[in-house]
Amino acid sequence: GAVVSQHPSRVICKSGTSVKIECRSLDFQATTMFWYRQFPKQSLMLMATSNEGSKATYEQGVEKDKFLINHASLTLSTLTVTSAHPEDSSFYICSARPRDSLNTEAFFGQGTRLTVV
Amino acid sequence: SQQGEEDPQALSIQEGENATMNCSYKTSINNLQWYRQNSGRGLVHLILIRSNEREKHSGRLRVTLDTSKKSSSLLITASRAADTASYFCATAQPDTGRRALTFGSGTRLQVQP
């Protein structure tokens, strides 16, 4: 099946620093990728939709200046958490579909556990 | 974003027993999907059922969909310890411009060996 690779799997950073998370579709092109956030024992909440070659679409309440998304190629989207604070500590997961169709399964990265100290 | 509800939130059973999880959602849908998540990992797709389907099987999995009640169920038969994970339903809405999946609250399944 299709593979989505996310890196790093774990990162610890100091408050005030920025962290970049990469999401790659390894064997298909993805014009759209999705970034989710998950707190412990909770569900996935959509943060933003990453669009190749154009601006990302952010969900209500998600600060676009804090969570910078870049989708510069058909196989790579990046999420940068800027000026990280302890409350940004969470599990971040990206997702993509091989074909831009609603009636296909989505493939997920392995997730990134971010801890801000 | 709208989010579905799942019940139970947590379920503990013995190996060999069946596990049933339920999901309710709020909007009209194109399809409903079930995913599995092991602790601290990404999600793995289990099964997709389209809005015009009522039941679907895949191995030990059986999924039903009732669009009139906006609900779905996932049945895992003859459970194994390796089935221990969180299970999420997710819906894809008709083309409203929103192409992301909307996830339910999830059921944490513990299968005791």
# chains A, B, ... in the order shown; residues from 1 in each chain; ligands from 1
call {"tool": "residues_around", "arguments": {"residues": "segment 99-108 of chain B", "least_positions_apart": "2", "cutoff": "8 Å", "atoms": "only C-alpha atoms", "output": "PyMOL selection string"}}
result
(chain A and resi 34+42-46+49+102) or (chain B and resi 1-11+21+23-25+84-93+95-97+110)
call {"tool": "closest_atom_pairs", "arguments": {"of": "chain B", "to": "chain A", "cutoff": "6 Å", "atoms": "only C-alpha atoms", "output": "tab-separated table"}}
result
residue	atom	partner	partner_atom	distance
B:Arg41	CA	A:Gln110	CA	5.4
B:Gly42	CA	A:Gln110	CA	4.2
B:Leu43	CA	A:Phe108	CA	5.7
B:Ser105	CA	A:Ser43	CA	5.0
call {"tool": "residues_around", "arguments": {"residues": "Ala81 of chain B", "least_positions_apart": "4", "cutoff": "7 Å", "atoms": "only C-alpha atoms", "output": "PyMOL selection string"}}
result
chain B and resi 15+111-113
call {"tool": "write_last_selection", "arguments": {"atoms": "C-alpha atoms", "output": "PDB file, in the first residue's frame"}}
result
ATOM      1  CA  GLU B  15      -9.171 -13.113  23.996  1.00  0.00           C
ATOM      2  CA  VAL B 111      -7.912  -7.562  24.842  1.00  0.00           C
ATOM      3  CA  GLN B 112      -6.739  -9.625  27.784  1.00  0.00           C
ATOM      4  CA  PRO B 113      -4.747 -12.758  26.891  1.00  0.00           C
TER       5      PRO B 113
END
call {"tool": "select_by_dssp", "arguments": {"residues": "chain A", "states": "strand (DSSP E)", "output": "count of residues only"}}
result
59
call {"tool": "closest_residue", "arguments": {"among": "A:Val3, A:Ala56, A:Leu114, A:Leu68", "to": "Ser25 of chain A", "atoms": "only C-alpha atoms"}}
result
A:Val3
call {"tool": "closest_residue", "arguments": {"among": "A:Ser5, A:Ser18, A:Thr115, A:Asn51", "to": "Ser73 of chain A", "atoms": "only C-alpha atoms"}}
result
A:Asn51
call {"tool": "residues_around", "arguments": {"residues": "Thr20 of chain B", "least_positions_apart": "3", "cutoff": "8 Å", "atoms": "only C-alpha atoms", "output": "PDB file with all heavy atoms, in the first residue's frame"}}
result
ATOM      1  N   SER B  73     -21.229   0.619  13.110  1.00  0.00           N
ATOM      2  CA  SER B  73     -20.625  -0.234  14.128  1.00  0.00           C
ATOM      3  C   SER B  73     -19.491  -1.034  13.511  1.00  0.00           C
ATOM      4  O   SER B  73     -19.512  -1.369  12.337  1.00  0.00           O
ATOM      5  CB  SER B  73     -21.663  -1.178  14.737  1.00  0.00           C
ATOM      6  OG  SER B  73     -22.080  -2.126  13.772  1.00  0.00           O
ATOM      7  N   LEU B  74     -18.513  -1.307  14.341  1.00  0.00           N
ATOM      8  CA  LEU B  74     -17.382  -2.159  13.962  1.00  0.00           C
ATOM      9  C   LEU B  74     -17.375  -3.356  14.893  1.00  0.00           C
ATOM     10  O   LEU B  74     -17.330  -3.190  16.111  1.00  0.00           O
ATOM     11  CB  LEU B  74     -16.056  -1.402  14.082  1.00  0.00           C
ATOM     12  CG  LEU B  74     -14.780  -2.235  13.923  1.00  0.00           C
ATOM     13  CD1 LEU B  74     -14.655  -2.765  12.498  1.00  0.00           C
ATOM     14  CD2 LEU B  74     -13.537  -1.426  14.306  1.00  0.00           C
ATOM     15  N   LEU B  75     -17.424  -4.525  14.315  1.00  0.00           N
ATOM     16  CA  LEU B  75     -17.364  -5.765  15.089  1.00  0.00           C
ATOM     17  C   LEU B  75     -16.060  -6.471  14.766  1.00  0.00           C
ATOM     18  O   LEU B  75     -15.741  -6.695  13.599  1.00  0.00           O
ATOM     19  CB  LEU B  75     -18.555  -6.666  14.740  1.00  0.00           C
ATOM     20  CG  LEU B  75     -18.490  -8.117  15.243  1.00  0.00           C
ATOM     21  CD1 LEU B  75     -18.601  -8.156  16.764  1.00  0.00           C
ATOM     22  CD2 LEU B  75     -19.593  -8.965  14.607  1.00  0.00           C
ATOM     23  N   ILE B  76     -15.315  -6.790  15.806  1.00  0.00           N
ATOM     24  CA  ILE B  76     -14.115  -7.608  15.656  1.00  0.00           C
ATOM     25  C   ILE B  76     -14.428  -8.956  16.271  1.00  0.00           C
ATOM     26  O   ILE B  76     -14.715  -9.048  17.477  1.00  0.00           O
ATOM     27  CB  ILE B  76     -12.899  -6.974  16.357  1.00  0.00           C
ATOM     28  CG1 ILE B  76     -12.637  -5.562  15.836  1.00  0.00           C
ATOM     29  CG2 ILE B  76     -11.659  -7.857  16.158  1.00  0.00           C
ATOM     30  CD1 ILE B  76     -11.522  -4.824  16.578  1.00  0.00           C
TER      31      ILE B  76
END
call {"tool": "residues_around", "arguments": {"residues": "Ala72 of chain A", "least_positions_apart": "4", "cutoff": "9 Å", "atoms": "only C-alpha atoms", "output": "list of chain:residue names"}}
result
A:Asn51, A:Glu52, A:Gly53, A:Ser54, A:Leu76, A:Ser77, A:Thr78
call {"tool": "atom_distance", "arguments": {"atom1": "atom CA of Leu79 of chain A", "atom2": "atom CA of Gln29 of chain A"}}
result
18.0 Å
call {"tool": "atom_distance", "arguments": {"atom1": "atom CA of Asn31 of chain B", "atom2": "atom CA of Asn52 of chain B"}}
result
8.4 Å
call {"tool": "residues_around", "arguments": {"residues": "Asp88 of chain A", "least_positions_apart": "6", "cutoff": "12 Å", "atoms": "only C-alpha atoms", "output": "ChimeraX atom specification"}}
result
/A:12-19,37-39,62-63,66-67,80-82,113-117
call {"tool": "write_last_selection", "arguments": {"atoms": "N, CA, C and O atoms", "output": "PDB file, in the first residue's frame"}}
result
ATOM      1  N   ILE A  12      12.263  16.828  21.323  1.00  0.00           N
ATOM      2  CA  ILE A  12      12.168  17.628  22.545  1.00  0.00           C
ATOM      3  C   ILE A  12      12.849  18.956  22.264  1.00  0.00           C
ATOM      4  O   ILE A  12      13.979  18.976  21.760  1.00  0.00           O
ATOM      5  N   CYS A  13      12.175  20.028  22.547  1.00  0.00           N
ATOM      6  CA  CYS A  13      12.778  21.328  22.282  1.00  0.00           C
ATOM      7  C   CYS A  13      12.532  22.264  23.452  1.00  0.00           C
ATOM      8  O   CYS A  13      11.652  22.024  24.285  1.00  0.00           O
ATOM      9  N   LYS A  14      13.311  23.322  23.492  1.00  0.00           N
ATOM     10  CA  LYS A  14      13.157  24.310  24.543  1.00  0.00           C
ATOM     11  C   LYS A  14      12.098  25.332  24.155  1.00  0.00           C
ATOM     12  O   LYS A  14      11.889  25.615  22.963  1.00  0.00           O
ATOM     13  N   SER A  15      11.452  25.892  25.161  1.00  0.00           N
ATOM     14  CA  SER A  15      10.464  26.941  24.919  1.00  0.00           C
ATOM     15  C   SER A  15      11.088  28.079  24.123  1.00  0.00           C
ATOM     16  O   SER A  15      12.223  28.481  24.379  1.00  0.00           O
ATOM     17  N   GLY A  16      10.352  28.556  23.151  1.00  0.00           N
ATOM     18  CA  GLY A  16      10.825  29.676  22.356  1.00  0.00           C
ATOM     19  C   GLY A  16      11.512  29.277  21.057  1.00  0.00           C
ATOM     20  O   GLY A  16      11.703  30.124  20.177  1.00  0.00           O
ATOM     21  N   THR A  17      11.859  28.025  20.939  1.00  0.00           N
ATOM     22  CA  THR A  17      12.504  27.570  19.705  1.00  0.00           C
ATOM     23  C   THR A  17      11.453  27.068  18.723  1.00  0.00           C
ATOM     24  O   THR A  17      10.275  26.928  19.055  1.00  0.00           O
ATOM     25  N   SER A  18      11.904  26.821  17.490  1.00  0.00           N
ATOM     26  CA  SER A  18      10.997  26.336  16.447  1.00  0.00           C
ATOM     27  C   SER A  18      11.344  24.899  16.085  1.00  0.00           C
ATOM     28  O   SER A  18      12.506  24.490  16.160  1.00  0.00           O
ATOM     29  N   VAL A  19      10.355  24.169  15.695  1.00  0.00           N
ATOM     30  CA  VAL A  19      10.528  22.768  15.325  1.00  0.00           C
ATOM     31  C   VAL A  19       9.851  22.512  13.982  1.00  0.00           C
ATOM     32  O   VAL A  19       8.712  22.925  13.777  1.00  0.00           O
ATOM     33  N   ARG A  37      -3.643  17.094  15.022  1.00  0.00           N
ATOM     34  CA  ARG A  37      -3.040  17.154  16.347  1.00  0.00           C
ATOM     35  C   ARG A  37      -3.857  16.251  17.258  1.00  0.00           C
ATOM     36  O   ARG A  37      -5.085  16.196  17.153  1.00  0.00           O
ATOM     37  N   GLN A  38      -3.145  15.553  18.142  1.00  0.00           N
ATOM     38  CA  GLN A  38      -3.838  14.617  19.025  1.00  0.00           C
ATOM     39  C   GLN A  38      -3.276  14.731  20.427  1.00  0.00           C
ATOM     40  O   GLN A  38      -2.073  14.519  20.648  1.00  0.00           O
ATOM     41  N   PHE A  39      -4.136  15.031  21.375  1.00  0.00           N
ATOM     42  CA  PHE A  39      -3.748  15.037  22.786  1.00  0.00           C
ATOM     43  C   PHE A  39      -3.982  13.649  23.359  1.00  0.00           C
ATOM     44  O   PHE A  39      -4.760  12.858  22.814  1.00  0.00           O
ATOM     45  N   VAL A  62      -6.806  27.753  14.866  1.00  0.00           N
ATOM     46  CA  VAL A  62      -5.399  27.382  14.668  1.00  0.00           C
ATOM     47  C   VAL A  62      -4.647  28.591  14.116  1.00  0.00           C
ATOM     48  O   VAL A  62      -5.028  29.138  13.078  1.00  0.00           O
ATOM     49  N   GLU A  63      -3.604  29.001  14.825  1.00  0.00           N
ATOM     50  CA  GLU A  63      -2.860  30.199  14.426  1.00  0.00           C
ATOM     51  C   GLU A  63      -1.925  29.884  13.266  1.00  0.00           C
ATOM     52  O   GLU A  63      -0.954  29.122  13.415  1.00  0.00           O
ATOM     53  N   LYS A  66       1.739  30.666  13.860  1.00  0.00           N
ATOM     54  CA  LYS A  66       2.422  29.791  14.819  1.00  0.00           C
ATOM     55  C   LYS A  66       2.721  28.429  14.199  1.00  0.00           C
ATOM     56  O   LYS A  66       3.756  27.832  14.454  1.00  0.00           O
ATOM     57  N   PHE A  67       1.804  27.951  13.399  1.00  0.00           N
ATOM     58  CA  PHE A  67       1.956  26.655  12.745  1.00  0.00           C
ATOM     59  C   PHE A  67       2.105  26.906  11.245  1.00  0.00           C
ATOM     60  O   PHE A  67       1.129  26.952  10.500  1.00  0.00           O
ATOM     61  N   THR A  80       5.923  23.680  10.665  1.00  0.00           N
ATOM     62  CA  THR A  80       6.873  24.282  11.598  1.00  0.00           C
ATOM     63  C   THR A  80       6.120  24.903  12.748  1.00  0.00           C
ATOM     64  O   THR A  80       5.276  25.789  12.529  1.00  0.00           O
ATOM     65  N   VAL A  81       6.427  24.433  13.944  1.00  0.00           N
ATOM     66  CA  VAL A  81       5.851  25.017  15.150  1.00  0.00           C
ATOM     67  C   VAL A  81       6.811  26.105  15.596  1.00  0.00           C
ATOM     68  O   VAL A  81       7.956  25.816  15.981  1.00  0.00           O
ATOM     69  N   THR A  82       6.388  27.332  15.504  1.00  0.00           N
ATOM     70  CA  THR A  82       7.281  28.449  15.812  1.00  0.00           C
ATOM     71  C   THR A  82       7.103  28.899  17.254  1.00  0.00           C
ATOM     72  O   THR A  82       6.006  28.786  17.827  1.00  0.00           O
ATOM     73  N   ARG A 113       5.925  13.009  18.178  1.00  0.00           N
ATOM     74  CA  ARG A 113       5.658  13.379  19.564  1.00  0.00           C
ATOM     75  C   ARG A 113       6.519  14.589  19.899  1.00  0.00           C
ATOM     76  O   ARG A 113       7.743  14.483  19.963  1.00  0.00           O
ATOM     77  N   LEU A 114       5.890  15.730  20.069  1.00  0.00           N
ATOM     78  CA  LEU A 114       6.614  16.964  20.400  1.00  0.00           C
ATOM     79  C   LEU A 114       6.477  17.247  21.889  1.00  0.00           C
ATOM     80  O   LEU A 114       5.354  17.303  22.404  1.00  0.00           O
ATOM     81  N   THR A 115       7.619  17.434  22.524  1.00  0.00           N
ATOM     82  CA  THR A 115       7.650  17.831  23.939  1.00  0.00           C
ATOM     83  C   THR A 115       8.416  19.131  24.042  1.00  0.00           C
ATOM     84  O   THR A 115       9.577  19.211  23.628  1.00  0.00           O
ATOM     85  N   VAL A 116       7.772  20.138  24.560  1.00  0.00           N
ATOM     86  CA  VAL A 116       8.400  21.447  24.728  1.00  0.00           C
ATOM     87  C   VAL A 116       8.683  21.640  26.213  1.00  0.00           C
ATOM     88  O   VAL A 116       7.768  21.570  27.040  1.00  0.00           O
ATOM     89  N   VAL A 117       9.959  21.874  26.525  1.00  0.00           N
ATOM     90  CA  VAL A 117      10.347  21.988  27.944  1.00  0.00           C
ATOM     91  C   VAL A 117      10.787  23.410  28.279  1.00  0.00           C
ATOM     92  O   VAL A 117      11.056  24.216  27.407  1.00  0.00           O
TER      93      VAL A 117
END
call {"tool": "atom_distance", "arguments": {"atom1": "atom CA of Ser83 of chain A", "atom2": "atom CA of Tyr58 of chain A"}}
result
18.3 Å
call {"tool": "closest_residue", "arguments": {"among": "B:Ser79, B:Leu65, B:Arg54, B:Ser12", "to": "Trp34 of chain B", "atoms": "only C-alpha atoms"}}
result
B:Leu65
call {"tool": "closest_residue", "arguments": {"among": "A:Lys55, A:Glu22, A:Pro98, A:Asp65", "to": "Ala84 of chain A", "atoms": "only C-alpha atoms"}}
result
A:Asp65
